[in-house]
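Shown here: run_20.csv, CSV, C-alpha atoms.
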chain,number,residue,atom,x,y,z
A,1493,MET,CA,56.1,11.2,65.8
A,1494,LYS,CA,55.5,12.6,62.3
A,1495,SER,CA,57.6,15.5,61.1
A,1496,ILE,CA,56.1,18.9,60.7
A,1497,ARG,CA,56.2,18.5,56.9
A,1498,ALA,CA,54.3,15.2,57.1
A,1499,ARG,CA,51.7,16.7,59.5
A,1500,ALA,CA,51.3,19.8,57.2
A,1501,ASP,CA,50.8,17.5,54.2
A,1502,VAL,CA,48.0,15.6,56.0
A,1503,VAL,CA,46.3,18.9,57.1
A,1504,MET,CA,46.5,20.5,53.6
A,1505,ARG,CA,45.0,17.4,52.0
A,1506,GLU,CA,42.1,17.3,54.5
A,1507,LEU,CA,41.5,21.1,54.1
A,1508,ARG,CA,41.4,20.7,50.3
A,1509,SER,CA,38.1,18.9,50.8
A,1510,ALA,CA,36.9,20.8,53.9
A,1511,ILE,CA,37.0,24.3,52.4
A,1512,THR,CA,34.7,23.4,49.5
A,1513,GLN,CA,31.6,24.2,51.6
A,1514,TYR,CA,32.8,27.8,52.1
A,1515,GLU,CA,33.1,30.8,49.7
A,1516,LEU,CA,36.6,31.7,48.4
A,1517,PRO,CA,38.2,34.8,49.8
A,1518,ALA,CA,37.3,38.0,47.9
A,1519,VAL,CA,40.6,38.4,46.1
A,1520,GLU,CA,40.5,34.8,44.9
A,1521,LYS,CA,37.0,35.3,43.5
A,1522,ILE,CA,38.1,38.5,41.7
A,1523,SER,CA,41.1,36.6,40.3
A,1524,ASP,CA,38.8,33.8,39.0
A,1525,ALA,CA,36.3,36.3,37.5
A,1526,GLN,CA,38.9,38.4,35.8
A,1527,ALA,CA,41.0,35.6,34.4
A,1528,GLU,CA,43.9,36.3,36.7
A,1529,ASN,CA,44.1,39.9,35.6
A,1530,PRO,CA,47.3,41.1,37.5
A,1531,PHE,CA,46.1,44.7,37.8
A,1532,GLN,CA,42.8,43.8,39.3
A,1533,VAL,CA,44.3,41.3,41.6
A,1534,LEU,CA,46.8,43.9,42.8
A,1535,ILE,CA,44.2,46.6,43.5
A,1536,ALA,CA,41.7,44.2,45.1
A,1537,THR,CA,44.5,42.9,47.4
A,1538,LEU,CA,45.4,46.5,48.4
A,1539,LEU,CA,41.8,47.2,49.3
A,1540,SER,CA,41.4,43.9,51.3
A,1541,ALA,CA,43.6,44.6,54.3
A,1542,ARG,CA,41.5,44.8,57.5
A,1543,THR,CA,38.3,44.7,55.5
A,1544,GLN,CA,35.6,42.1,55.3
A,1545,ASP,CA,35.4,40.1,52.1
A,1546,ALA,CA,32.0,41.3,51.1
A,1547,THR,CA,33.1,44.9,51.4
A,1548,THR,CA,36.3,44.3,49.5
A,1549,HIS,CA,34.4,42.6,46.7
A,1550,ALA,CA,31.8,45.4,46.4
A,1551,ALA,CA,34.4,48.2,46.5
A,1552,SER,CA,36.6,46.5,43.9
A,1553,THR,CA,33.6,46.0,41.6
A,1554,ARG,CA,32.6,49.6,41.8
A,1555,LEU,CA,36.2,50.8,41.2
A,1556,PHE,CA,36.8,48.5,38.2
A,1557,LYS,CA,33.5,49.6,36.6
A,1558,ARG,CA,34.9,53.1,36.6
A,1559,ALA,CA,38.5,52.3,35.7
A,1560,ARG,CA,39.8,49.0,34.5
A,1561,THR,CA,43.4,49.9,33.7
A,1562,PRO,CA,46.3,51.6,35.5
A,1563,ARG,CA,46.1,54.5,33.1
A,1564,ALA,CA,42.4,55.0,33.6
A,1565,MET,CA,42.6,54.7,37.4
A,1566,ALA,CA,45.6,57.1,37.6
A,1567,LYS,CA,43.4,59.8,36.1
A,1568,LEU,CA,40.9,59.6,38.9
A,1569,THR,CA,41.3,62.0,41.8
A,1570,VAL,CA,42.0,60.6,45.3
A,1571,GLU,CA,38.6,61.9,46.3
A,1572,GLU,CA,36.9,60.0,43.5
A,1573,ILE,CA,38.7,56.8,44.5
A,1574,GLU,CA,37.7,57.4,48.2
A,1575,GLU,CA,34.1,57.6,47.2
A,1576,LEU,CA,34.2,54.5,45.1
A,1577,ILE,CA,36.0,52.3,47.7
A,1578,TYR,CA,34.2,53.5,50.8
A,1579,PRO,CA,33.6,51.8,53.4
A,1580,VAL,CA,36.8,49.6,53.1
A,1581,GLY,CA,39.0,50.0,56.1
A,1582,PHE,CA,41.4,52.9,56.0
A,1583,TYR,CA,39.8,54.0,52.7
A,1584,ARG,CA,41.5,57.4,52.7
A,1585,ASN,CA,45.0,55.9,52.9
A,1586,LYS,CA,44.1,53.2,50.5
A,1587,ALA,CA,42.8,55.7,48.0
A,1588,ARG,CA,46.1,57.5,48.0
A,1589,HIS,CA,48.0,54.3,47.7
A,1590,VAL,CA,45.8,53.1,44.8
A,1591,LYS,CA,46.4,56.4,42.8
A,1592,ALA,CA,50.1,56.5,43.5
A,1593,CYS,CA,50.5,52.8,42.7
A,1594,CYS,CA,48.7,53.3,39.3
A,1595,GLU,CA,50.8,56.4,38.5
A,1596,GLN,CA,54.0,54.4,39.1
A,1597,LEU,CA,52.7,51.4,37.1
A,1598,VAL,CA,52.2,53.9,34.2
A,1599,SER,CA,55.5,55.9,34.6
A,1600,ARG,CA,57.8,53.0,35.5
A,1601,PHE,CA,56.3,49.9,34.1
A,1602,GLY,CA,54.5,51.0,30.9
A,1603,GLY,CA,51.1,50.4,32.5
A,1604,ARG,CA,51.8,46.7,33.3
A,1605,VAL,CA,52.1,45.0,36.7
A,1606,PRO,CA,55.6,43.8,37.2
A,1607,GLY,CA,56.1,40.1,37.7
A,1608,THR,CA,58.8,39.9,40.4
A,1609,LEU,CA,58.6,40.3,44.1
A,1610,GLU,CA,61.5,42.8,44.1
A,1611,GLU,CA,59.7,45.1,41.8
A,1612,LEU,CA,56.2,44.7,43.3
A,1613,VAL,CA,57.3,45.8,46.8
A,1614,THR,CA,58.6,49.1,45.4
A,1615,LEU,CA,55.0,50.1,44.6
A,1616,PRO,CA,53.1,52.3,47.1
A,1617,GLY,CA,51.1,50.3,49.6
A,1618,VAL,CA,52.5,47.0,48.4
A,1619,GLY,CA,54.2,44.7,51.0
A,1620,ARG,CA,55.3,41.1,50.8
A,1621,LYS,CA,51.8,39.7,51.4
A,1622,THR,CA,50.3,41.6,48.5
A,1623,ALA,CA,53.2,40.9,46.3
A,1624,ASN,CA,53.2,37.2,47.0
A,1625,LEU,CA,49.4,37.0,46.4
A,1626,VAL,CA,49.6,38.8,43.1
A,1627,LEU,CA,52.4,36.5,41.9
A,1628,ILE,CA,50.4,33.4,43.0
A,1629,LEU,CA,47.0,34.4,41.6
A,1630,ALA,CA,47.9,36.5,38.6
A,1631,PHE,CA,51.2,35.0,37.5
A,1632,ARG,CA,50.5,31.5,38.7
A,1633,SER,CA,53.8,31.3,40.6
A,1634,ARG,CA,54.5,28.1,42.5
A,1635,GLN,CA,57.5,29.6,44.3
A,1636,ASN,CA,55.8,31.9,46.7
A,1637,ILE,CA,53.8,31.7,50.0
A,1638,CYS,CA,51.4,34.5,50.9
A,1639,VAL,CA,51.1,35.0,54.6
A,1640,ASP,CA,48.4,37.1,56.1
A,1641,VAL,CA,47.1,37.2,59.7
A,1642,HIS,CA,45.1,34.0,59.2
A,1643,VAL,CA,48.0,32.1,57.8
A,1644,HIS,CA,50.3,33.4,60.6
A,1645,ARG,CA,47.8,32.6,63.3
A,1646,ILE,CA,46.8,29.1,62.1
A,1647,SER,CA,50.3,27.9,61.3
A,1648,ASN,CA,51.4,28.8,64.8
A,1649,ARG,CA,48.3,27.2,66.3
A,1650,LEU,CA,49.0,24.0,64.4
A,1651,GLY,CA,52.6,24.0,65.7
A,1652,TRP,CA,54.1,24.2,62.2
A,1653,VAL,CA,56.0,27.3,63.1
A,1654,GLN,CA,56.9,29.4,66.2
A,1655,THR,CA,57.1,32.9,64.8
A,1656,ARG,CA,56.3,36.5,65.8
A,1657,ASP,CA,55.1,38.1,62.6
A,1658,PRO,CA,53.9,37.2,59.1
A,1659,GLU,CA,57.2,37.8,57.3
A,1660,GLU,CA,59.0,35.5,59.8
A,1661,THR,CA,56.2,32.9,59.2
A,1662,GLU,CA,56.6,33.1,55.5
A,1663,GLN,CA,60.3,32.2,55.7
A,1664,ALA,CA,59.6,29.4,58.2
A,1665,LEU,CA,56.9,27.9,56.1
A,1666,TYR,CA,59.2,27.5,53.1
A,1667,ALA,CA,61.4,25.3,55.3
A,1668,VAL,CA,58.6,23.1,56.8
A,1669,THR,CA,56.0,22.6,54.0
A,1670,ASP,CA,56.1,20.8,50.7
A,1671,ARG,CA,56.6,23.0,47.7
A,1672,ARG,CA,53.4,21.7,46.1
A,1673,TRP,CA,51.4,23.4,48.8
A,1674,TRP,CA,53.0,26.8,48.7
A,1675,PRO,CA,50.6,28.5,46.3
A,1676,LEU,CA,47.6,27.0,48.1
A,1677,ILE,CA,48.5,27.7,51.8
A,1678,ASN,CA,46.9,31.2,51.7
A,1679,GLN,CA,43.7,30.1,50.0
A,1680,TYR,CA,43.2,27.1,52.4
A,1681,LEU,CA,44.2,28.7,55.7
A,1682,VAL,CA,42.4,32.1,55.0
A,1683,THR,CA,39.2,30.3,54.1
A,1684,TRP,CA,39.5,28.2,57.2
A,1685,GLY,CA,40.5,31.2,59.4
A,1686,GLN,CA,37.5,33.2,58.2
A,1687,ASN,CA,35.0,30.5,58.9
A,1688,VAL,CA,36.3,28.1,61.5
A,1689,CYS,CA,39.7,28.8,63.0
A,1690,ARG,CA,38.8,32.3,64.1
A,1691,PRO,CA,41.0,34.6,66.1
A,1692,VAL,CA,38.7,34.6,69.2
A,1693,TYR,CA,36.7,31.5,70.2
A,1694,PRO,CA,37.6,29.3,67.2
A,1695,ARG,CA,35.1,26.7,66.4
A,1696,CYS,CA,37.3,23.7,67.4
A,1697,GLY,CA,34.2,21.5,67.9
A,1698,ASP,CA,33.3,21.9,64.2
A,1699,CYS,CA,36.9,21.7,62.9
A,1700,ALA,CA,37.7,19.0,60.4
A,1701,ILE,CA,41.4,19.2,61.3
A,1702,ALA,CA,41.0,19.4,65.1
A,1703,HIS,CA,42.5,16.0,65.6
A,1704,HIS,CA,45.7,17.3,64.0
A,1705,CYS,CA,45.8,20.5,66.0
A,1706,PRO,CA,47.6,21.0,69.4
A,1707,ARG,CA,45.6,24.3,69.7
A,1708,ILE,CA,48.7,26.3,70.7
A,1709,GLY,CA,47.7,29.6,72.2
A,1710,VAL,CA,44.0,28.9,72.0
A,1711,ARG,CA,42.2,30.1,75.2
A,1712,ARG,CA,39.9,27.3,76.4
A,1713,LEU,CA,36.6,28.1,77.9
A,1714,ASN,CA,35.9,26.8,81.4
For the structure just supplied, provide its representation as structure tokens.
Amino acid sequence: MKSIRARADVVMRELRSAITQYELPAVEKISDAQAENPFQVLIATLLSARTQDATTHAASTRLFKRARTPRAMAKLTVEEIEELIYPVGFYRNKARHVKACCEQLVSRFGGRVPGTLEELVTLPGVGRKTANLVLILAFRSRQNICVDVHVHRISNRLGWVQTRDPEETEQALYAVTDRRWWPLINQYLVTWGQNVCRPVYPRCGDCAIAHHCPRIGVRRLN
């Protein structure tokens, strides 16, 4: 029987081709459009949690038209940010985090986004998922894996890991996947999770990697 690393390698190679028919996640598109601008990647990622991609993209676009730098955004009121990002999920909390984050970028980092995980997670609203994604997309890091709910769910369904939460999944994936895939795991699995390997009633019959998947935890229809 193949090792988990070998099975993951096959799946990632097949997903590389399979995802081309789908749109990239919103933050990836923003990163491409803005030439990996660290600030815009950071803010778009903050807005993306529990929010559909189209909503995230539209809200980010409105916000960046109004303020394109930490200094400019820090000058906006929380109410102005709320109005610009609505209807993203939890928009009131996110507006407070965006303003506080921008203020700290200005006061602590000279208006620049820090380039280390340790510094990023000290910013308001920034956890490991956001920090890792900023490092991957904006700083082109090849040492980080970003794990959101899709990556957590799919890597458990595939049997690559047996974990209880995204942070535990991140650490487990470092051990069982080849380093060359680390910066791509989020892009591939999020795209697949949004379109095929959905949380409820995944489209297993249309899945290009179904023959590699033990479907752990998937409820089968009678």
Using all atoms listed in the file, which of the listed residues (A:Ala1551, A:Phe1556, A:Leu1627, A:Trp1652) sits closest to Val1668 (chain A)?
A:Trp1652
Which is closest to Asn1648 (chain A) among A:Ala1510, A:Ile1573, A:Cys1705, A:Ala1564, if we use only C-alpha atoms?
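Of A:Ala1510, A:Ile1573, A:Cys1705, A:Ala1564, the one nearest Asn1648 (chain A), counting only C-alpha atoms, is A:Cys1705.
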Return the single residue from A:Leu1681, A:Leu1539, A:Ala1546, A:Leu1534 that is closest to Arg1560 (chain A), with distances computed using only C-alpha atoms.
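Answer, going by the shortest atom-to-atom distance: A:Leu1534.
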Selected residue, from A:Arg1497, A:Lys1591, A:Arg1554, A:Lys1586, that lies nearest to Ala1667 (chain A) when counting only C-alpha atoms:
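Ranked by minimum distance to Ala1667 (chain A), first place goes to A:Arg1497.
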Selection: 8 Å around Ala1536 (chain A), all atoms listed in the file, excl. self and same-chain fewer than 2 positions, as a PDB file with C-alpha atoms, in the frame of the given file:
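Below you can see selection-v4.pdb, which holds the result:
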ATOM      1  CA  VAL A1519      40.600  38.400  46.100  1.00  0.00           C
ATOM      2  CA  ILE A1522      38.100  38.500  41.700  1.00  0.00           C
ATOM      3  CA  GLN A1532      42.800  43.800  39.300  1.00  0.00           C
ATOM      4  CA  VAL A1533      44.300  41.300  41.600  1.00  0.00           C
ATOM      5  CA  LEU A1534      46.800  43.900  42.800  1.00  0.00           C
ATOM      6  CA  LEU A1538      45.400  46.500  48.400  1.00  0.00           C
ATOM      7  CA  LEU A1539      41.800  47.200  49.300  1.00  0.00           C
ATOM      8  CA  SER A1540      41.400  43.900  51.300  1.00  0.00           C
ATOM      9  CA  THR A1548      36.300  44.300  49.500  1.00  0.00           C
ATOM     10  CA  HIS A1549      34.400  42.600  46.700  1.00  0.00           C
ATOM     11  CA  SER A1552      36.600  46.500  43.900  1.00  0.00           C
TER      12      SER A1552
END
Find the residues around Arg1584 (chain A) up to 12 Å (all atoms listed in the file counted), leave out those fewer than 4 positions away in its own chain, and share them as a PyMOL selection string.
chain A and resi 1539+1569-1580+1588-1591
Residue neighbourhood Ile1628 (chain A), 10 Å, all atoms listed in the file, exclusion window fewer than 2 positions, as a list in words
Glu1528, Pro1530, Thr1622, Ala1623, Asn1624, Leu1625, Val1626, Ala1630, Phe1631, Arg1632, Ser1633, Arg1634, Gln1635, Asn1636, Ile1637, Cys1638, Trp1674, Pro1675, Leu1676 and Asn1678 of chain A
If I take CA of Ser1509 (chain A) and CA of Tyr1666 (chain A), how far is one from the other in Å, to one decimal?
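Pair CA of Ser1509 (chain A) / CA of Tyr1666 (chain A) returns 22.9 Å.
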When you count only C-alpha atoms, which of these residues is closest to Val1688 (chain A): A:Leu1555, A:Ile1511, A:Leu1568, A:Ala1500?
A:Ile1511
Atomic separation - CA of Arg1671 (chain A) relative to CA of Pro1694 (chain A), Å
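That distance, rounded to one decimal, is 27.9 Å.
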With all atoms listed in the file as the basis for distance, which of A:Gln1686, A:Asn1529, A:Thr1669, A:Ser1495 is at the shortest distance from Arg1604 (chain A)?
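Selected residue with least distance to Arg1604 (chain A): A:Asn1529.
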In Å to one decimal, how far is CA of Arg1563 (chain A) from CA of Val1598 (chain A)?
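It comes out at 6.2 Å.
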List the spatial neighbours of Met1504 (chain A) as a list of chain:residue names - criterion: any atom at most 8 Å away, all atoms listed in the file, same-chain residues fewer than 6 positions off excluded.
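The filter keeps A:Trp1673, A:Ile1677, A:Tyr1680.
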Residues within 8 Å of Gln1679 (chain A), please, as a PyMOL selection string. Count only C-alpha atoms; anything in the same chain fewer than 6 positions from it doesn't count.
chain A and resi 1516-1517+1520
Let me know the centre plus edge lengths, in Å and rounded to one decimal, of a box with edges along x, y and z that contains all listed atoms of region 1558-1570 of chain A and is padded by 5 Å on every side, as AutoDock Vina command-line options.
--center_x 40.6 --center_y 55.5 --center_z 39.2 --size_x 21.4 --size_y 23.0 --size_z 22.2
Provide region 1612-1623 of chain A rebuilt to all heavy atoms, formatted as a CSV table (one decimal), in the coordinates of the input.
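Here's the written file out22.csv:
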chain,number,residue,atom,x,y,z
A,1612,LEU,N,57.5,44.5,42.7
A,1612,LEU,CA,56.2,44.7,43.3
A,1612,LEU,C,56.3,45.5,44.6
A,1612,LEU,O,55.5,46.4,44.8
A,1612,LEU,CB,55.4,43.4,43.5
A,1612,LEU,CG,54.8,42.8,42.2
A,1612,LEU,CD1,54.4,41.4,42.4
A,1612,LEU,CD2,53.6,43.6,41.7
A,1613,VAL,N,57.2,45.1,45.5
A,1613,VAL,CA,57.3,45.8,46.8
A,1613,VAL,C,57.8,47.2,46.7
A,1613,VAL,O,57.8,47.9,47.8
A,1613,VAL,CB,58.1,44.9,47.8
A,1613,VAL,CG1,57.5,43.6,48.1
A,1613,VAL,CG2,59.6,44.8,47.3
A,1614,THR,N,58.2,47.7,45.6
A,1614,THR,CA,58.6,49.1,45.4
A,1614,THR,C,57.4,50.0,45.2
A,1614,THR,O,57.5,51.2,45.2
A,1614,THR,CB,59.6,49.3,44.3
A,1614,THR,OG1,59.0,49.0,43.0
A,1614,THR,CG2,60.8,48.4,44.5
A,1615,LEU,N,56.2,49.4,44.9
A,1615,LEU,CA,55.0,50.1,44.6
A,1615,LEU,C,54.4,50.6,45.9
A,1615,LEU,O,54.4,49.9,46.9
A,1615,LEU,CB,54.0,49.3,43.8
A,1615,LEU,CG,54.4,48.9,42.4
A,1615,LEU,CD1,53.5,47.8,41.9
A,1615,LEU,CD2,54.5,50.1,41.5
A,1616,PRO,N,53.8,51.8,45.9
A,1616,PRO,CA,53.1,52.3,47.1
A,1616,PRO,C,52.0,51.4,47.7
A,1616,PRO,O,51.2,50.9,46.9
A,1616,PRO,CB,52.5,53.7,46.6
A,1616,PRO,CG,53.3,54.1,45.4
A,1616,PRO,CD,53.7,52.8,44.8
A,1617,GLY,N,52.1,51.1,49.0
A,1617,GLY,CA,51.1,50.3,49.6
A,1617,GLY,C,51.3,48.8,49.5
A,1617,GLY,O,50.5,48.0,50.0
A,1618,VAL,N,52.3,48.4,48.7
A,1618,VAL,CA,52.5,47.0,48.4
A,1618,VAL,C,53.6,46.4,49.3
A,1618,VAL,O,54.8,46.8,49.2
A,1618,VAL,CB,52.8,46.7,46.9
A,1618,VAL,CG1,53.1,45.2,46.7
A,1618,VAL,CG2,51.7,47.3,46.0
A,1619,GLY,N,53.2,45.4,50.2
A,1619,GLY,CA,54.2,44.7,51.0
A,1619,GLY,C,54.3,43.3,50.5
A,1619,GLY,O,53.8,42.9,49.4
A,1620,ARG,N,55.0,42.5,51.2
A,1620,ARG,CA,55.3,41.1,50.8
A,1620,ARG,C,54.0,40.3,50.6
A,1620,ARG,O,53.9,39.5,49.7
A,1620,ARG,CB,56.2,40.4,51.8
A,1620,ARG,CG,57.6,40.9,51.8
A,1620,ARG,CD,58.5,40.0,52.6
A,1620,ARG,NE,58.7,38.7,52.1
A,1620,ARG,CZ,59.6,38.3,51.2
A,1620,ARG,NH1,60.5,39.2,50.8
A,1620,ARG,NH2,59.7,37.1,50.7
A,1621,LYS,N,53.0,40.5,51.5
A,1621,LYS,CA,51.8,39.7,51.4
A,1621,LYS,C,51.1,40.0,50.1
A,1621,LYS,O,50.7,39.1,49.4
A,1621,LYS,CB,50.8,40.1,52.6
A,1621,LYS,CG,49.5,39.3,52.6
A,1621,LYS,CD,48.4,39.9,53.4
A,1621,LYS,CE,47.7,41.0,52.5
A,1621,LYS,NZ,46.5,41.4,53.1
A,1622,THR,N,50.9,41.3,49.8
A,1622,THR,CA,50.3,41.6,48.5
A,1622,THR,C,51.1,41.1,47.3
A,1622,THR,O,50.5,40.6,46.4
A,1622,THR,CB,50.1,43.2,48.5
A,1622,THR,OG1,49.2,43.6,49.5
A,1622,THR,CG2,49.5,43.6,47.1
A,1623,ALA,N,52.4,41.4,47.4
A,1623,ALA,CA,53.2,40.9,46.3
A,1623,ALA,C,53.1,39.4,46.0
A,1623,ALA,O,53.0,39.0,44.9
A,1623,ALA,CB,54.6,41.4,46.5
